[in-house]
Each structure stands twice: as C-alpha cells, then as structure tokens.
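*Asks:* What follows is final04.cif, made up of mmCIF, C-alpha atoms:
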data_model
loop_
_atom_site.label_atom_id
_atom_site.label_comp_id
_atom_site.auth_asym_id
_atom_site.auth_seq_id
_atom_site.Cartn_x
_atom_site.Cartn_y
_atom_site.Cartn_z
CA MET V 36 -8.32 5.82 -15.20
CA LEU V 37 -5.44 4.39 -13.18
CA PRO V 38 -3.62 6.71 -10.75
CA LEU V 39 -0.30 8.24 -11.80
CA THR V 40 3.00 8.14 -9.96
CA GLU V 41 4.44 11.51 -8.89
CA LYS V 42 6.88 11.51 -11.83
CA GLU V 43 4.14 10.53 -14.29
CA LYS V 44 2.03 13.43 -12.99
CA LYS V 45 4.92 15.84 -13.60
CA VAL V 46 5.40 14.54 -17.15
CA TYR V 47 1.65 14.78 -17.81
CA GLU V 48 1.50 18.36 -16.46
CA PHE V 49 4.51 19.32 -18.60
CA ILE V 50 2.79 17.94 -21.71
CA LYS V 51 -0.46 19.75 -20.87
CA GLU V 52 1.25 23.08 -20.20
CA PHE V 53 3.41 22.72 -23.31
CA ILE V 54 0.33 22.14 -25.50
CA GLN V 55 -1.49 25.10 -23.90
CA ALA V 56 1.50 27.40 -24.48
CA ASN V 57 2.45 26.28 -27.99
CA GLY V 58 -0.63 24.75 -29.61
CA TYR V 59 1.21 21.50 -30.30
CA SER V 60 2.69 18.72 -28.19
CA PRO V 61 6.31 18.35 -27.12
CA SER V 62 8.54 15.78 -28.79
CA THR V 63 9.97 12.88 -26.80
CA ARG V 64 13.37 14.57 -27.02
CA GLU V 65 12.01 17.80 -25.52
CA ILE V 66 10.45 15.84 -22.65
CA ALA V 67 13.76 14.07 -22.05
CA LEU V 68 15.70 17.38 -22.10
CA PHE V 69 13.26 19.10 -19.73
CA PHE V 70 13.42 16.32 -17.14
CA LYS V 71 17.12 15.59 -17.77
CA ILE V 72 16.43 11.93 -18.48
CA ALA V 73 17.35 9.57 -21.31
CA PRO V 74 14.95 9.51 -24.31
CA LYS V 75 14.18 5.83 -23.59
CA ASN V 76 12.93 6.85 -20.11
CA ALA V 77 10.77 9.59 -21.67
CA HIS V 78 9.33 6.90 -23.98
CA LYS V 79 8.58 4.76 -20.92
CA TYR V 80 6.66 7.60 -19.22
CA LEU V 81 4.67 8.25 -22.40
CA LYS V 82 3.84 4.55 -22.69
CA ASN V 83 2.61 4.52 -19.08
CA LEU V 84 0.49 7.65 -19.59
CA GLU V 85 -1.06 6.11 -22.69
CA GLU V 86 -1.77 2.77 -21.00
CA LYS V 87 -3.37 4.54 -18.04
CA GLY V 88 -5.68 6.52 -20.35
CA TYR V 89 -4.29 10.06 -20.02
CA ILE V 90 -2.79 10.60 -23.48
CA ARG V 91 -3.06 9.25 -27.01
CA ARG V 92 -0.04 8.90 -29.30
CA THR V 93 -0.05 8.88 -33.09
CA LYS V 94 2.65 6.58 -34.42
CA ASN V 95 5.44 7.92 -36.64
CA ILE V 96 4.63 11.56 -35.81
CA SER V 97 7.21 13.50 -33.80
CA ARG V 98 4.64 15.64 -31.98
CA GLY V 99 1.83 13.12 -32.04
CA ILE V 100 0.80 13.34 -28.37
CA SER V 101 -2.74 14.45 -27.54
CA LEU V 102 -4.57 14.64 -24.22
CA ILE V 103 -7.58 12.38 -23.83
CA LEU V 104 -10.76 14.38 -23.28
CA LYS V 105 -13.91 13.00 -21.68
CA LYS V 106 -17.19 13.82 -23.39
CA ILE V 107 -19.48 14.81 -20.50
CA PRO V 108 -23.24 15.39 -20.83
CA LEU V 109 -24.80 18.62 -19.56
CA VAL V 110 -28.37 18.13 -18.29
CA THR V 111 -31.00 20.46 -16.88
CA THR V 112 -33.80 18.01 -16.20
CA ALA V 113 -34.09 15.16 -13.74
CA TYR V 114 -33.58 11.57 -14.78
CA ALA V 115 -33.33 8.11 -13.28
CA GLY V 116 -31.65 4.87 -14.17
CA ASN V 117 -28.39 4.15 -15.90
CA PRO V 118 -25.85 6.57 -17.41
CA SER V 119 -27.07 5.99 -20.99
CA GLU V 120 -30.33 7.73 -20.06
CA ILE V 121 -28.34 10.85 -19.17
CA ASN V 122 -26.98 11.00 -22.72
CA GLU V 123 -30.49 10.68 -24.13
CA ILE V 124 -31.72 13.81 -22.34
CA ALA V 125 -28.47 15.81 -22.44
CA ASP V 126 -28.83 19.36 -23.71
CA GLU V 127 -25.23 19.43 -24.91
CA PHE V 128 -21.83 17.83 -24.30
CA TYR V 129 -18.55 19.28 -23.08
CA GLU V 130 -15.09 17.87 -23.62
CA ILE V 131 -13.01 18.01 -20.43
CA ASP V 132 -9.45 16.94 -19.63
CA ALA V 133 -9.99 13.44 -18.25
CA SER V 134 -7.40 13.91 -15.49
CA LEU V 135 -9.30 16.78 -13.84
CA PHE V 136 -12.23 14.65 -12.69
CA PRO V 137 -11.13 10.99 -12.46
CA TYR V 138 -14.59 9.58 -11.74
CA LYS V 139 -16.30 6.83 -13.73
CA ASP V 140 -19.80 8.31 -13.83
CA ILE V 141 -20.02 12.11 -14.06
CA PHE V 142 -22.29 14.65 -15.69
CA LEU V 143 -22.69 18.44 -15.70
CA VAL V 144 -25.49 20.68 -14.46
CA ARG V 145 -25.76 24.40 -15.19
CA VAL V 146 -26.38 26.30 -11.95
CA SER V 147 -29.41 28.58 -11.94
CA GLY V 148 -29.98 31.09 -9.17
CA ASP V 149 -28.03 32.37 -6.19
CA SER V 150 -28.97 29.96 -3.39
CA MET V 151 -25.38 28.66 -3.08
CA ILE V 152 -23.37 31.88 -3.38
CA ASN V 153 -21.85 31.56 0.11
CA ALA V 154 -20.33 28.27 -1.06
CA HIS V 155 -18.82 30.21 -4.01
CA ILE V 156 -21.24 28.65 -6.50
CA GLU V 157 -22.77 31.31 -8.74
CA ASP V 158 -25.58 31.59 -11.26
CA GLY V 159 -24.34 30.30 -14.62
CA ASP V 160 -21.59 28.08 -13.18
CA ILE V 161 -21.42 24.49 -14.37
CA ALA V 162 -21.38 21.91 -11.58
CA VAL V 163 -19.50 18.64 -12.12
CA VAL V 164 -21.52 15.88 -10.47
CA ALA V 165 -20.27 12.37 -9.65
CA ARG V 166 -22.75 9.54 -9.15
CA ASP V 167 -20.20 6.89 -8.17
CA VAL V 168 -19.05 8.41 -4.85
CA GLU V 169 -20.26 8.13 -1.26
CA ILE V 170 -22.38 11.04 -0.09
CA LEU V 171 -21.79 12.24 3.46
CA SER V 172 -23.51 14.84 5.59
CA GLY V 173 -22.07 18.23 4.65
CA ASP V 174 -21.51 17.40 0.98
CA ILE V 175 -23.00 19.58 -1.75
CA VAL V 176 -25.34 17.46 -3.85
CA VAL V 177 -27.70 17.58 -6.80
CA VAL V 178 -31.18 16.41 -5.86
CA SER V 179 -34.25 15.72 -7.97
CA ILE V 180 -37.41 16.99 -6.26
CA PHE V 181 -40.64 16.47 -8.20
CA ASN V 182 -38.54 16.06 -11.39
CA GLU V 183 -36.64 19.32 -10.96
CA LEU V 184 -32.95 19.51 -10.11
CA THR V 185 -31.68 21.56 -7.20
CA LEU V 186 -28.18 21.99 -5.85
CA LYS V 187 -27.90 22.22 -2.05
CA ARG V 188 -25.80 21.12 0.92
CA PHE V 189 -26.92 17.72 2.23
CA ILE V 190 -27.27 17.54 6.01
CA GLU V 191 -28.33 14.47 7.95
CA ASN V 192 -28.98 15.07 11.64
CA LYS V 193 -30.75 12.65 14.01
CA GLY V 194 -32.61 10.95 11.17
CA LYS V 195 -33.71 14.27 9.67
CA ILE V 196 -32.55 15.07 6.13
CA ILE V 197 -32.12 18.74 5.24
CA LEU V 198 -31.14 20.41 1.98
CA HIS V 199 -29.41 23.59 3.11
CA PRO V 200 -28.96 26.62 0.82
CA GLU V 201 -25.77 28.64 1.26
CA ASN V 202 -27.60 31.97 1.18
CA GLU V 203 -29.43 33.47 4.17
CA ASN V 204 -32.26 34.64 1.89
CA TYR V 205 -33.41 31.04 1.36
CA LYS V 206 -34.90 28.51 3.76
CA ASP V 207 -33.83 24.92 4.39
CA ILE V 208 -35.76 22.19 2.61
CA VAL V 209 -36.66 19.50 5.14
CA LEU V 210 -37.30 16.23 3.32
CA ASN V 211 -39.21 14.41 6.04
CA GLY V 212 -42.57 15.86 4.99
CA ILE V 213 -42.07 15.12 1.30
CA ASN V 214 -42.97 11.82 -0.34
CA ARG V 215 -39.57 10.13 -0.60
CA ASP V 216 -40.53 8.62 -3.97
CA GLU V 217 -40.49 12.17 -5.34
CA VAL V 218 -37.00 12.91 -3.97
CA LYS V 219 -33.77 11.41 -5.26
CA ILE V 220 -30.18 12.40 -4.47
CA ILE V 221 -28.55 12.21 -7.88
CA GLY V 222 -24.89 12.77 -7.03
CA LYS V 223 -22.19 14.77 -5.29
CA VAL V 224 -20.76 18.03 -6.66
CA VAL V 225 -17.03 17.40 -7.17
CA GLY V 226 -16.12 20.53 -9.08
CA ILE V 227 -17.28 23.84 -10.51
CA ILE V 228 -16.48 25.19 -13.96
CA ARG V 229 -16.75 28.96 -14.33
CA ARG V 230 -16.34 31.09 -17.40
CA ILE V 231 -14.04 34.05 -16.72
CA LYS V 232 -16.01 37.28 -17.22
#
With the file now loaded, output its structure as structure tokens.
*Replies:*
Amino acid sequence: MLPLTEKEKKVYEFIKEFIQANGYSPSTREIALFFKIAPKNAHKYLKNLEEKGYIRRTKNISRGISLILKKIPLVTTAYAGNPSEINEIADEFYEIDASLFPYKDIFLVRVSGDSMINAHIEDGDIAVVARDVEILSGDIVVVSIFNELTLKRFIENKGKIILHPENENYKDIVLNGINRDEVKIIGKVVGIIRRIK
C-alpha cells in the first residue's frame, strides 16, 4: 500500500468513521460538504484512495465505497519458508482494515500465558507479527524454539542473544546454549488486538 497524504488520511478516516457510525458509506457529495471542497476534488481524493489500495468503489452506486480488508492468517504452530506455507497451517483467518498494519507480510498469533504482562500483552490477545521488518535489540518478537512459538523481548548484548519475558516470575531464555538450527526468529510484533471484556 502506498502512503497517504495528510488530506487523504483525513478523507479516509472520515469514510471509516462514517461507515462505523451509519453502517453505510458516505456519498461523494457528503464528503465534499464535510471538507468544504468541490465534488470534483472529493472524486479526486476517492480516486487516489482507490489507486493506493485503501478503498474499493462500486460504479454507478451513490454509496458504493467500501474499505479494503486484508485477510490475515492466525497460526499457533511454527513454520518455515514462504508466506503461502503460513496459509496452509493457519487455524483461521481474520479480516483487518488494511490501513492499520501497512506491512507486506504479516500474520497473527494468539497469545497464551502471562509472560509478557508487564509489556501490556495478556493471555488471549492476538499479536500482529510482521516478517518484512528489521528486528533490533529491544523489539518484541515471535520465536520458534523446537517447533513451538513463544513471544518475548529480543535482547542482543555483547554477542549474547536473550529472549526476555516481561514478568518477574519467568526467567530469561539464553539462546547461546541451544542448537541454533532449532531456533528461528519469525518476526516482530507490530500490534496487539484485544477483545474488550
């Protein structure tokens, strides 16, 4: 997805909030009235949003604007290789507003346990994981250890790699003593989805 200009972001947010509040999309005229612009300029913004992959428009329908949703796989087991393999082992799929996580290669992992509660990540949360980003010391990552996924803070210090839990009841996992073939950093946590209780 291509980045939006500040004005395009405002138009996109207006469309999203309008749909959430009303259950249907605004018309081009309503967009023009809200932003106090000419209808032809509203058309231009809609065209840009569509070309950049944020909305879809149905021709000849007054309220034919819909947000583009990404279909993201949720996995609970470790995997290797290309993104298509993730889909093959996915437990289920979620549709998410594509603008929330503008990464090319993302998947979801359901959090199990309380080892990251001090980082505000709770049991039952869904972690959004990006594989196409640089991982730096201090980032929260998903790691496959002996074919099981774990979510921890990645720390690299003087050549030593540590997976640090954000809960004083758990110990650090030091990777130096583990066969590195059995350990793979899968991706960086870029967001958390939580169901409101």
*Asks:* Give the answer as one residue: which of V:Lys105, V:Lys94, V:Arg145, V:Lys87 has the shortest atom-to-atom distance to V:Arg230, using only C-alpha atoms?
*Replies:*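 Distance minimum relative to V:Arg230 lands on V:Arg145.
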*Asks:* Go through stretch 197-227 of chain V and flag each residue having an atom no more than 8 Å from stretch 173-193 of chain V; for those, report the closest pair of atoms plus their distance in Å to one decimal, using all atoms listed in the file, ordered by chain and rising number, as a Markdown table.
*Replies:*
| residue | atom | partner | partner_atom | distance |
| --- | --- | --- | --- | --- |
| V:Ile197 | CA | V:Ile190 | CA | 5.1 |
| V:Leu198 | CA | V:Phe189 | CA | 5.0 |
| V:His199 | CA | V:Arg188 | CA | 4.9 |
| V:Pro200 | CA | V:Lys187 | CA | 5.4 |
| V:Glu201 | CA | V:Arg188 | CA | 7.5 |
| V:Glu217 | CA | V:Phe181 | CA | 5.2 |
| V:Val218 | CA | V:Ile180 | CA | 4.7 |
| V:Lys219 | CA | V:Ser179 | CA | 5.1 |
| V:Ile220 | CA | V:Val178 | CA | 4.4 |
| V:Ile221 | CA | V:Val178 | CA | 5.4 |
| V:Gly222 | CA | V:Val177 | CA | 5.6 |
| V:Lys223 | CA | V:Val176 | CA | 4.4 |
| V:Val224 | CA | V:Val176 | CA | 5.4 |
*Asks:* What does the distance from atom CA of V:Arg98 to atom CA of V:Pro61 come to in Å, to one decimal?
*Replies:*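 Spanning atom CA of V:Arg98 to atom CA of V:Pro61 is a straight-line distance of 5.8 Å.
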*Asks:* Restricting the calculation to only C-alpha atoms: of V:Asp160, V:Gly88, V:Leu102, V:Gly148, which residue gets closest to V:Gln55?
*Replies:* V:Leu102
*Asks:* Considering only C-alpha atoms, can you say which of V:Lys45, V:Phe69, V:Tyr205, V:Asn83 comes closest to V:Asp149?
*Replies:*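 The closest residue to V:Asp149 is V:Tyr205.
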*Asks:* I'd like the residues picked by the PyMOL selection byres ((chain V and resi 226) around 8) written out as a VMD selection string, using the chain letters and numbers from the file.
*Replies:* chain V and resid 136 162 to 164 224 to 225 227 to 228
*Asks:* Interatomic distance between atom CA of V:Tyr89 and atom CA of V:Ser134?
*Replies:*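 We find that atom CA of V:Tyr89 and atom CA of V:Ser134 lie 6.7 Å from each other.
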*Asks:* Might you spell out which residues the PyMOL selection byres ((chain V and resi 209) around 7) would select in the displayed file, as a PDB file with C-alpha atoms, in the coordinates of the input?
*Replies:*
ATOM      1  CA  ILE V 196     -32.550  15.070   6.130  1.00  0.00           C
ATOM      2  CA  ILE V 197     -32.120  18.740   5.240  1.00  0.00           C
ATOM      3  CA  LEU V 198     -31.140  20.410   1.980  1.00  0.00           C
ATOM      4  CA  ASP V 207     -33.830  24.920   4.390  1.00  0.00           C
ATOM      5  CA  ILE V 208     -35.760  22.190   2.610  1.00  0.00           C
ATOM      6  CA  LEU V 210     -37.300  16.230   3.320  1.00  0.00           C
ATOM      7  CA  ASN V 211     -39.210  14.410   6.040  1.00  0.00           C
ATOM      8  CA  GLY V 212     -42.570  15.860   4.990  1.00  0.00           C
TER       9      GLY V 212
END
*Asks:* Evaluated on this file, the PyMOL selection byres ((chain V and resi 131) around 7) picks out some residues - which ones are they, written as a ChimeraX atom specification?
*Replies:* /V:104-106,129-130,132-133
*Asks:* Do you know which residues are at most 8 Å from V:Leu84 counting all atoms listed in the file, after dropping those on the same chain fewer than 6 positions away, and could you put them as a ChimeraX atom specification?
*Replies:* /V:39,43,47,90
*Asks:* Which residue, V:Leu171, V:Ala165, V:Ile152, V:Ile66, has the smallest gap to V:Pro108 when you use only C-alpha atoms?
*Replies:*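 Going through V:Leu171, V:Ala165, V:Ile152, V:Ile66 one by one, the smallest distance to V:Pro108 is for V:Ala165.
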*Asks:* Please list as a PyMOL selection string every residue within 12 Å of V:Asn76, counting all atoms listed in the file and excluding residues in the same chain fewer than 4 positions away.
*Replies:* chain V and resi 42-43+46+63-64+66-68+70-72+80-83
*Asks:* Please report the interatomic distance between atom CA of V:Val110 and atom CA of V:Val146 in Å with one decimal.
*Replies:*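 Separation between atom CA of V:Val110 and atom CA of V:Val146: 10.5 Å.
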*Asks:* Could you pull the residues within 10 Å of V:Ile54, counting only C-alpha atoms, minus those fewer than 5 positions along the same chain, as a list in words?
*Replies:*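 The neighbour list is Glu48, Phe49, Tyr59, Ser60, Pro61, Ile100, Ser101 and Leu102 of chain V.
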*Asks:* My structure is short of atoms at stretch 137-167 of chain V; please model N, CA and C atoms there, returning them as a PDB file, in the coordinates of the input.
*Replies:*
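Contents of result.pdb, as written:
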ATOM      1  N   PRO V 137     -11.328  12.422 -12.204  1.00  0.00           N
ATOM      2  CA  PRO V 137     -11.130  10.990 -12.460  1.00  0.00           C
ATOM      3  C   PRO V 137     -12.217  10.101 -11.838  1.00  0.00           C
ATOM      4  N   TYR V 138     -13.464  10.374 -12.226  1.00  0.00           N
ATOM      5  CA  TYR V 138     -14.590   9.580 -11.740  1.00  0.00           C
ATOM      6  C   TYR V 138     -15.176   8.813 -12.924  1.00  0.00           C
ATOM      7  N   LYS V 139     -15.759   7.652 -12.648  1.00  0.00           N
ATOM      8  CA  LYS V 139     -16.300   6.830 -13.730  1.00  0.00           C
ATOM      9  C   LYS V 139     -17.596   7.388 -14.285  1.00  0.00           C
ATOM     10  N   ASP V 140     -18.441   7.942 -13.426  1.00  0.00           N
ATOM     11  CA  ASP V 140     -19.800   8.310 -13.830  1.00  0.00           C
ATOM     12  C   ASP V 140     -20.066   9.760 -13.435  1.00  0.00           C
ATOM     13  N   ILE V 141     -19.798  10.693 -14.354  1.00  0.00           N
ATOM     14  CA  ILE V 141     -20.020  12.110 -14.060  1.00  0.00           C
ATOM     15  C   ILE V 141     -20.879  12.754 -15.137  1.00  0.00           C
ATOM     16  N   PHE V 142     -21.538  13.841 -14.741  1.00  0.00           N
ATOM     17  CA  PHE V 142     -22.290  14.650 -15.690  1.00  0.00           C
ATOM     18  C   PHE V 142     -22.228  16.098 -15.208  1.00  0.00           C
ATOM     19  N   LEU V 143     -22.743  17.008 -16.011  1.00  0.00           N
ATOM     20  CA  LEU V 143     -22.690  18.440 -15.700  1.00  0.00           C
ATOM     21  C   LEU V 143     -24.094  18.995 -15.541  1.00  0.00           C
ATOM     22  N   VAL V 144     -24.226  19.968 -14.658  1.00  0.00           N
ATOM     23  CA  VAL V 144     -25.490  20.680 -14.460  1.00  0.00           C
ATOM     24  C   VAL V 144     -25.192  22.171 -14.435  1.00  0.00           C
ATOM     25  N   ARG V 145     -25.937  22.950 -15.223  1.00  0.00           N
ATOM     26  CA  ARG V 145     -25.760  24.400 -15.190  1.00  0.00           C
ATOM     27  C   ARG V 145     -26.499  24.959 -13.978  1.00  0.00           C
ATOM     28  N   VAL V 146     -25.796  25.744 -13.168  1.00  0.00           N
ATOM     29  CA  VAL V 146     -26.380  26.300 -11.950  1.00  0.00           C
ATOM     30  C   VAL V 146     -27.279  27.481 -12.315  1.00  0.00           C
ATOM     31  N   SER V 147     -28.468  27.484 -11.720  1.00  0.00           N
ATOM     32  CA  SER V 147     -29.410  28.580 -11.940  1.00  0.00           C
ATOM     33  C   SER V 147     -29.796  29.153 -10.588  1.00  0.00           C
ATOM     34  N   GLY V 148     -29.613  30.447 -10.418  1.00  0.00           N
ATOM     35  CA  GLY V 148     -29.980  31.090  -9.170  1.00  0.00           C
ATOM     36  C   GLY V 148     -28.797  31.339  -8.251  1.00  0.00           C
ATOM     37  N   ASP V 149     -29.091  31.940  -7.102  1.00  0.00           N
ATOM     38  CA  ASP V 149     -28.030  32.370  -6.190  1.00  0.00           C
ATOM     39  C   ASP V 149     -28.118  31.722  -4.804  1.00  0.00           C
ATOM     40  N   SER V 150     -28.778  30.568  -4.713  1.00  0.00           N
ATOM     41  CA  SER V 150     -28.970  29.960  -3.390  1.00  0.00           C
ATOM     42  C   SER V 150     -27.697  29.366  -2.799  1.00  0.00           C
ATOM     43  N   MET V 151     -26.617  29.268  -3.597  1.00  0.00           N
ATOM     44  CA  MET V 151     -25.380  28.660  -3.080  1.00  0.00           C
ATOM     45  C   MET V 151     -24.185  29.619  -3.150  1.00  0.00           C
ATOM     46  N   ILE V 152     -24.468  30.921  -3.181  1.00  0.00           N
ATOM     47  CA  ILE V 152     -23.370  31.880  -3.380  1.00  0.00           C
ATOM     48  C   ILE V 152     -22.364  31.889  -2.228  1.00  0.00           C
ATOM     49  N   ASN V 153     -22.799  31.575  -1.009  1.00  0.00           N
ATOM     50  CA  ASN V 153     -21.850  31.560   0.110  1.00  0.00           C
ATOM     51  C   ASN V 153     -20.924  30.344   0.074  1.00  0.00           C
ATOM     52  N   ALA V 154     -21.225  29.402  -0.816  1.00  0.00           N
ATOM     53  CA  ALA V 154     -20.330  28.270  -1.060  1.00  0.00           C
ATOM     54  C   ALA V 154     -19.527  28.527  -2.345  1.00  0.00           C
ATOM     55  N   HIS V 155     -19.561  29.782  -2.808  1.00  0.00           N
ATOM     56  CA  HIS V 155     -18.820  30.210  -4.010  1.00  0.00           C
ATOM     57  C   HIS V 155     -19.318  29.501  -5.275  1.00  0.00           C
ATOM     58  N   ILE V 156     -20.612  29.218  -5.319  1.00  0.00           N
ATOM     59  CA  ILE V 156     -21.240  28.650  -6.500  1.00  0.00           C
ATOM     60  C   ILE V 156     -22.238  29.680  -7.013  1.00  0.00           C
ATOM     61  N   GLU V 157     -22.011  30.174  -8.226  1.00  0.00           N
ATOM     62  CA  GLU V 157     -22.770  31.310  -8.740  1.00  0.00           C
ATOM     63  C   GLU V 157     -23.692  30.911  -9.890  1.00  0.00           C
ATOM     64  N   ASP V 158     -24.670  31.767 -10.136  1.00  0.00           N
ATOM     65  CA  ASP V 158     -25.580  31.590 -11.260  1.00  0.00           C
ATOM     66  C   ASP V 158     -24.783  31.496 -12.554  1.00  0.00           C
ATOM     67  N   GLY V 159     -25.048  30.478 -13.354  1.00  0.00           N
ATOM     68  CA  GLY V 159     -24.340  30.300 -14.620  1.00  0.00           C
ATOM     69  C   GLY V 159     -23.145  29.369 -14.536  1.00  0.00           C
ATOM     70  N   ASP V 160     -22.678  29.056 -13.322  1.00  0.00           N
ATOM     71  CA  ASP V 160     -21.590  28.080 -13.180  1.00  0.00           C
ATOM     72  C   ASP V 160     -22.053  26.714 -13.678  1.00  0.00           C
ATOM     73  N   ILE V 161     -21.104  25.873 -14.000  1.00  0.00           N
ATOM     74  CA  ILE V 161     -21.420  24.490 -14.370  1.00  0.00           C
ATOM     75  C   ILE V 161     -20.865  23.578 -13.275  1.00  0.00           C
ATOM     76  N   ALA V 162     -21.774  22.825 -12.640  1.00  0.00           N
ATOM     77  CA  ALA V 162     -21.380  21.910 -11.580  1.00  0.00           C
ATOM     78  C   ALA V 162     -21.028  20.556 -12.176  1.00  0.00           C
ATOM     79  N   VAL V 163     -19.900  19.996 -11.732  1.00  0.00           N
ATOM     80  CA  VAL V 163     -19.500  18.640 -12.120  1.00  0.00           C
ATOM     81  C   VAL V 163     -20.012  17.709 -11.036  1.00  0.00           C
ATOM     82  N   VAL V 164     -20.832  16.744 -11.432  1.00  0.00           N
ATOM     83  CA  VAL V 164     -21.520  15.880 -10.470  1.00  0.00           C
ATOM     84  C   VAL V 164     -21.099  14.431 -10.677  1.00  0.00           C
ATOM     85  N   ALA V 165     -20.666  13.788  -9.595  1.00  0.00           N
ATOM     86  CA  ALA V 165     -20.270  12.370  -9.650  1.00  0.00           C
ATOM     87  C   ALA V 165     -21.358  11.528  -9.008  1.00  0.00           C
ATOM     88  N   ARG V 166     -21.732  10.449  -9.701  1.00  0.00           N
ATOM     89  CA  ARG V 166     -22.750   9.540  -9.150  1.00  0.00           C
ATOM     90  C   ARG V 166     -22.118   8.333  -8.462  1.00  0.00           C
ATOM     91  N   ASP V 167     -20.835   8.109  -8.677  1.00  0.00           N
ATOM     92  CA  ASP V 167     -20.200   6.890  -8.170  1.00  0.00           C
ATOM     93  C   ASP V 167     -19.360   7.146  -6.916  1.00  0.00           C
TER      94      ASP V 167
END
